[in-house]
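Q: Take this structure first; my questions come after.
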Amino acid sequence: MPGTANGDPNSDLQAERSLAGFETLDALLENYIPEDKLVEVKRVLHGANRGAPVQTLPLDRATHDAAASAGFDLQGYRFIARQEQNRKPRIVQIGLIQNSIKAPTTAPYAEQTQALYAAVQKIVDAAGSAGVQILCLQEAWTMPFAFCTREREWLEFAEPAETGPSTKMLQKYAQKYKMVIINPILERDESHGETIWNTAVVIGHKGNVLGKHRKNHIPRVGDFNESTYYLEGNTGHPVFDTVYGRIAVNICYGRHHPLNWQAFGMNGAEIVFNPSATVGSLSEPLWGIEARNAAIANSYFTAAINRVGTEVFPNDFTSGDGQAAHKAFGHFYGSSYVAAPDGSRTPGLSRYKDGLMVAELDLNLCRQVRDQWGFQMTARYEMYSKLFQDYLEPHFQPQRIKEAQ
């Protein structure tokens with residue numbers, strides 16, 4: 001059952017999975033706000049794409065049947081751009097997958113991974129049926145998010161990026177559907193002392209591995225003890241120039257760093273995916289803001305993906321925030337969404353079900369918004385560069401003007 005705690009649908013830990021009893025924020029609003037007023041509420045909350053709410057994208061019956069059979073949330077949306085005289089529309093369909101673990105964390109590791117494969121493969125097939133051309137899975141999707149525990153045996157889930165089992169499996173789907181697939185995993189770098197990284201592998205539409213990106217920013221907050229397992233990545237801010245558009249991957253905690261988003265934009269990204277794993281008690285008020293703000297500031301599309309469910313571990317662990325020892329991170333609240341450079345965004349997927357979001361984008365919107373707002377033209381890179389250079393010096397002095405007493 002999607003969204004269950006540790007694979008148990010009857011666990012009382014699932015009481016926290018809803019939002020005041022509703023599956024999404026939009027469902028809560030639709031229940032309580034009159035329709036005529038709801039239009040204005042959503043205009044402010046979700047913005048406008050070409051002066052109107054983001055359109056719903058019709059999906060075929062086979063995709064809906066697959067979602068109903070497997071029990072995952074399915075949503076589709078369309079972002080439009082102005083019709084240009086000198087350029088044809090640049091239409092691309094992207095897909096986001098969010099999911100819960102499918103076996104208890106006490107089960108044999110191979111059993112846990114295979115259960116995830118079985119569930120996610122059904123959603124990948126649905127994405128293929130829907131015509132998705134670029135698909136992104138959630139952070140470290142092949143395992144429970146065990147980095148809270150500081151126990152090293154969870155490193156058995158790590159695999160080589162280019163030749164590991166999840167990459168090989170998804171290469172077949174990439175070939176089958178002519179789909180670019182982003183595969184976020186725990187990487188074991190066998191060429192460099194078996195160092196562990198948090199990595200996203202980018203698989204091309206012919207099944208070839210285009211490259212990888214390693215997570216730039218590693219959290220040390222609350223239960224997120226990830227630096228016990230891996231440190232900051234060393235791949236910079238790569239942009240992958242696929243046949244469908246220029247894409248980048250800003251993994252999880254990197255979304256809290258505006259300059260990380262900006263660097264991908266400076267390298268020419270048109271879509272930046274943010275595969276994540278984050279819990280409601282820590283970050284939910286930030287979730288709908290950060291990727292959307294990045295889309296606005298950098299004139300590109302963003303796709304924020306979060307896992308779902310409550311994962312319970314065998315042993316108690318402690319945090320750096322004074323909590324008593326506990327066995328669960330808290331609830332991963334899903335709510336994956338897509339945002340556009342004009343500030344419009346989709347509603348979120350379910351807070352507790354597996355889900356597939358399909359979004360049709362016209363990439364011409366990136367340049368149109370850039371021309372309209374001129375953020376890149378009016379930026380003062382030379383001024384920022386000097387500040388950063390000065391800041392890195394040991395004897396840096398902040399530019400402050402103090403009022404006399």
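Ordering of the structure tokens sets the chain letters (A, B, ...); residue numbers start at 1 within each chain; ligands are numbered from 1 in the order shown.
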Apply DSSP to the structure's backbone, then extract all residues of stretch 186-358 of chain A labelled helix (DSSP H, G or I) and return them as a VMD selection string.

A: chain A and resid 226 to 228 252 to 256 258 to 266 280 to 298

Q: Find the residues around A:Val132 up to 10 Å (only C-alpha atoms counted), leave out those fewer than 2 positions away in its own chain, and share them as a PyMOL selection string.

A: chain A and resi 92-96+124-130+134-135+177-181+357-360

Q: Show which residues sit within 9 Å of A:Leu155, as a ChimeraX atom specification. Count only C-alpha atoms, and ignore same-chain residues fewer than 4 positions away.

A: /A:151,159,186,188,196,229

Q: Out of A:Ser18, A:Asn198, A:Gln399, A:Gln372, which residue has the shortest atom-to-atom distance to A:Ser227 when counting only C-alpha atoms?

A: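 Once distances to A:Ser227 are computed over only C-alpha atoms, the minimum belongs to A:Asn198.
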
Q: Running DSSP on the backbone, which parts of stretch 66-292 of chain A land in strand (DSSP E), as number ranges by chain?

A: A: 73-78, 91-98, 134-136, 180-189, 195-203, 209-214, 220-221, 224-225, 240-242, 245-249, 271-276

Q: In Å, with one decimal, what is the gap from atom CA of A:Tyr381 to atom CA of A:Gly47?

A: 28.7 Å

Q: Using only C-alpha atoms, determine which residues lie at most 12 Å from A:Tyr300, disregarding the query and same-chain residues fewer than 3 positions distant; provide the list as a VMD selection string.

A: chain A and resid 245 to 248 261 to 262 264 to 273 291 to 297 303 338 to 344 361 to 370 375 to 376
